[in-house]
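Chemist: Quick one: the structure is below, and I'll ask about it shortly.
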Amino acid sequence: MVAHERLTEEVASRAHLSKADDAAHTVRVVVAGLAHRLDMPLRQRLRQAMPGPERDAAYAIVPPAHDTPAGLLEEVARNLQTPQERADRLTHAVLSVIADEDPALGRALREGLAPSYAELFTAPESSPERLSAAGDAPAPLSDEELRTELRRRPQWSGDSHRLTRTVGLPADRTAPLLRQVEKDSRELRHRVDHTATGDGITFTLRTRSVDAVTRADLEMADRIDAAVDAVGSGGHPG
């Protein structure tokens, strides 16, 4: 039997999910979709191998759905309310962990399904960011992570929802700075808000898709810092 904690931890790691609850829910959705595509003996074997919290997800009494892997991925995307590309990664994560944790079951599942399903049992490619199950936006930083990152960026302040920095430069340096920040924003595909204040230009960063600060905001903050250093010294940003 696959252990619940091991299953959810490995799925969270391979899918880059930030929460154990996201991983557990993802496992249940993928296992339920897979069970509908297995004959009764294999469904029973899958159910017996699942830990208690996931066991009921493998219960199904309807005839097997003889469709392609695309049908399973569409079902996962619909039930998790996530884009198809993200559903593909989540499905790979769940099925590869099951196959690795119980090799005999993995072989039986691959042999019991059409050959086109075999690829879904391979681990997803690595990705540099933790992601939320709801989509492909980077996961919000924890309070501890945010405090650590702000200590490294003393010019920035804020909370888990937004970061701000106010920059005071001579008037002739403001336009070059904003042009460089706009260029970096396009390159990183990350929006930057700025407003003119009595003290200069205030930049505000947040990831709108999750209404929180993520590592994408930190990367953009570093770009702004580099632009300020270059423009403020009279040089040109890279």
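How things are named: the first chain in the structure tokens is A, the next is B, and so on; residues count from 1 in each chain; ligands count from 1 in the order shown.
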Within 8 Å of Arg28 of chain A, counting only C-alpha atoms, which residues show up once you throw out same-chain ones fewer than 5 positions away? Write them as a PyMOL selection string, please.
Modeler: chain A and resi 54+57-58
Chemist: Among the residues of segment 13-183 of chain A, find those DSSP assigns to alpha helix (DSSP H) from the backbone and print them as number ranges by chain.
Modeler: A: 13-15, 20-35, 40-49, 52-55, 69-80, 84-101, 103-112, 143-151, 171-183
Chemist: Ranking A:Arg147, A:Ala139, A:Lys183, A:Arg206 by minimum distance to Arg162 of chain A and counting only C-alpha atoms, which one comes first?
Modeler: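 Checking each candidate against Arg162 of chain A, we get A:Arg206 as the closest.
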Chemist: Quick one: residues within 10 Å of Asp22 of chain A, only C-alpha atoms, excluding same-chain residues fewer than 2 positions away - as a list in words?
Modeler: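 Contacts, with the query itself left out: Thr8, Val11, Ala12, Leu17, Ser18, Lys19, Ala20, Ala24, His25, Thr26, Val27, Leu80, Ser132, Ala133 and Ala134 of chain A.
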Chemist: Would you put the residues from that selection into a file with all heavy atoms, as a CSV table (one decimal), in the first residue's frame?
Modeler:
```csv
chain,number,residue,atom,x,y,z
A,8,THR,N,1.4,12.2,-0.9
A,8,THR,CA,1.2,13.7,-1.0
A,8,THR,C,2.5,14.5,-1.1
A,8,THR,O,2.5,15.5,-1.8
A,8,THR,CB,0.3,14.2,0.1
A,8,THR,OG1,0.8,13.8,1.4
A,8,THR,CG2,-1.1,13.6,0.0
A,11,VAL,N,4.0,14.0,-4.6
A,11,VAL,CA,3.2,14.7,-5.6
A,11,VAL,C,3.5,16.2,-5.5
A,11,VAL,O,3.6,16.9,-6.5
A,11,VAL,CB,1.7,14.4,-5.5
A,11,VAL,CG1,0.9,15.3,-6.3
A,11,VAL,CG2,1.5,12.9,-5.9
A,12,ALA,N,3.4,16.7,-4.3
A,12,ALA,CA,3.7,18.2,-4.1
A,12,ALA,C,5.1,18.6,-4.6
A,12,ALA,O,5.2,19.6,-5.2
A,12,ALA,CB,3.6,18.5,-2.6
A,17,LEU,N,3.7,22.0,-5.9
A,17,LEU,CA,2.6,22.5,-5.2
A,17,LEU,C,3.0,23.1,-3.9
A,17,LEU,O,3.9,22.5,-3.3
A,17,LEU,CB,1.5,21.5,-5.0
A,17,LEU,CG,0.8,20.9,-6.3
A,17,LEU,CD1,0.0,19.7,-6.0
A,17,LEU,CD2,0.0,22.0,-7.0
A,18,SER,N,2.4,24.1,-3.4
A,18,SER,CA,2.8,24.8,-2.2
A,18,SER,C,2.2,24.3,-1.0
A,18,SER,O,2.6,24.5,0.1
A,18,SER,CB,2.6,26.3,-2.3
A,18,SER,OG,1.2,26.6,-2.5
A,19,LYS,N,1.0,23.6,-1.1
A,19,LYS,CA,0.3,23.1,0.1
A,19,LYS,C,0.0,21.6,0.0
A,19,LYS,O,-0.3,21.1,-1.1
A,19,LYS,CB,-1.0,23.9,0.2
A,19,LYS,CG,-0.9,25.4,0.3
A,19,LYS,CD,-2.2,26.1,0.4
A,19,LYS,CE,-2.1,27.6,0.5
A,19,LYS,NZ,-3.4,28.2,0.5
A,20,ALA,N,0.1,20.9,1.2
A,20,ALA,CA,-0.3,19.5,1.2
A,20,ALA,C,-1.7,19.3,0.8
A,20,ALA,O,-2.0,18.3,0.2
A,20,ALA,CB,0.0,19.0,2.6
A,24,ALA,N,-3.1,16.6,-1.9
A,24,ALA,CA,-4.1,15.5,-1.6
A,24,ALA,C,-5.3,15.6,-2.5
A,24,ALA,O,-5.8,14.6,-3.0
A,24,ALA,CB,-4.5,15.6,-0.1
A,25,HIS,N,-5.8,16.8,-2.8
A,25,HIS,CA,-6.9,17.0,-3.6
A,25,HIS,C,-6.6,16.6,-5.1
A,25,HIS,O,-7.4,16.0,-5.8
A,25,HIS,CB,-7.4,18.5,-3.6
A,25,HIS,CG,-8.6,18.8,-4.5
A,25,HIS,ND1,-9.8,18.1,-4.4
A,25,HIS,CD2,-8.8,19.7,-5.5
A,25,HIS,CE1,-10.6,18.5,-5.3
A,25,HIS,NE2,-10.0,19.5,-6.0
A,26,THR,N,-5.4,17.0,-5.5
A,26,THR,CA,-5.0,16.6,-6.9
A,26,THR,C,-4.9,15.1,-7.0
A,26,THR,O,-5.3,14.5,-8.0
A,26,THR,CB,-3.6,17.2,-7.1
A,26,THR,OG1,-3.7,18.6,-7.1
A,26,THR,CG2,-3.0,16.8,-8.5
A,27,VAL,N,-4.4,14.4,-6.0
A,27,VAL,CA,-4.3,12.9,-6.0
A,27,VAL,C,-5.7,12.3,-6.2
A,27,VAL,O,-5.9,11.4,-7.0
A,27,VAL,CB,-3.6,12.4,-4.8
A,27,VAL,CG1,-3.8,10.9,-4.7
A,27,VAL,CG2,-2.1,12.8,-4.8
A,80,LEU,N,-10.2,20.2,-11.6
A,80,LEU,CA,-9.3,21.0,-10.8
A,80,LEU,C,-9.4,22.5,-11.2
A,80,LEU,O,-8.8,23.4,-10.5
A,80,LEU,CB,-7.9,20.6,-10.9
A,80,LEU,CG,-7.5,19.3,-10.3
A,80,LEU,CD1,-6.1,18.9,-10.6
A,80,LEU,CD2,-7.7,19.3,-8.8
A,132,SER,N,0.7,26.9,-7.6
A,132,SER,CA,-0.6,26.5,-6.9
A,132,SER,C,-1.4,25.6,-7.8
A,132,SER,O,-1.3,25.6,-9.0
A,132,SER,CB,-1.4,27.8,-6.6
A,132,SER,OG,-1.8,28.4,-7.8
A,133,ALA,N,-2.2,24.7,-7.2
A,133,ALA,CA,-3.0,23.8,-8.0
A,133,ALA,C,-4.0,24.5,-8.9
A,133,ALA,O,-4.4,24.0,-9.9
A,133,ALA,CB,-3.7,22.8,-7.0
A,134,ALA,N,-4.4,25.7,-8.5
A,134,ALA,CA,-5.5,26.3,-9.2
A,134,ALA,C,-5.0,26.9,-10.5
A,134,ALA,O,-5.8,27.3,-11.4
A,134,ALA,CB,-6.0,27.5,-8.4
```
Chemist: Taking only residues of segment 98-181 of chain A that have an atom at most 9 Å from an atom of segment 194-203 of chain A, what is each one's shortest atom pair and its distance in Å to one decimal, using only C-alpha atoms, in chain and number order, as a tab-separated table?
Modeler:
```
residue	atom	partner	partner_atom	distance
A:Leu163	CA	A:Phe203	CA	8.1
A:Thr164	CA	A:Phe203	CA	5.4
A:Arg165	CA	A:Phe203	CA	5.3
A:Thr166	CA	A:Thr202	CA	4.0
A:Val167	CA	A:Ile201	CA	5.2
A:Gly168	CA	A:Gly200	CA	4.3
A:Leu169	CA	A:Gly200	CA	6.7
A:Pro170	CA	A:Gly200	CA	8.9
A:Thr174	CA	A:Ile201	CA	8.0
A:Leu178	CA	A:His194	CA	8.9
```
Chemist: Using the selection just defined, write its residues with N, CA, C and O atoms as a tab-separated table (two decimals), in the first residue's frame.
Modeler:
```tsv
chain	number	residue	atom	x	y	z
A	163	LEU	N	4.62	44.86	-2.61
A	163	LEU	CA	5.89	45.46	-2.27
A	163	LEU	C	5.94	46.86	-2.86
A	163	LEU	O	5.41	47.09	-3.96
A	164	THR	N	6.60	47.78	-2.17
A	164	THR	CA	6.73	49.14	-2.70
A	164	THR	C	8.15	49.66	-2.47
A	164	THR	O	8.82	49.28	-1.52
A	165	ARG	N	8.56	50.53	-3.38
A	165	ARG	CA	9.80	51.26	-3.21
A	165	ARG	C	9.63	52.63	-3.84
A	165	ARG	O	9.14	52.75	-4.97
A	166	THR	N	10.02	53.67	-3.11
A	166	THR	CA	9.97	55.03	-3.63
A	166	THR	C	11.39	55.46	-4.00
A	166	THR	O	12.32	55.33	-3.19
A	167	VAL	N	11.53	55.97	-5.22
A	167	VAL	CA	12.84	56.35	-5.76
A	167	VAL	C	12.84	57.85	-6.05
A	167	VAL	O	11.97	58.35	-6.77
A	168	GLY	N	13.79	58.57	-5.46
A	168	GLY	CA	13.95	59.98	-5.75
A	168	GLY	C	15.17	60.20	-6.64
A	168	GLY	O	16.28	59.85	-6.26
A	169	LEU	N	14.95	60.74	-7.84
A	169	LEU	CA	16.02	61.00	-8.79
A	169	LEU	C	15.85	62.39	-9.39
A	169	LEU	O	14.73	62.93	-9.40
A	170	PRO	N	16.91	62.97	-9.91
A	170	PRO	CA	16.75	64.23	-10.64
A	170	PRO	C	15.74	64.06	-11.77
A	170	PRO	O	15.58	62.97	-12.33
A	174	THR	N	14.40	60.54	-14.46
A	174	THR	CA	13.15	59.80	-14.25
A	174	THR	C	12.70	59.08	-15.52
A	174	THR	O	12.35	57.90	-15.49
A	178	LEU	N	12.10	55.01	-16.06
A	178	LEU	CA	10.80	54.41	-16.38
A	178	LEU	C	10.86	53.62	-17.68
A	178	LEU	O	10.20	52.58	-17.81
```
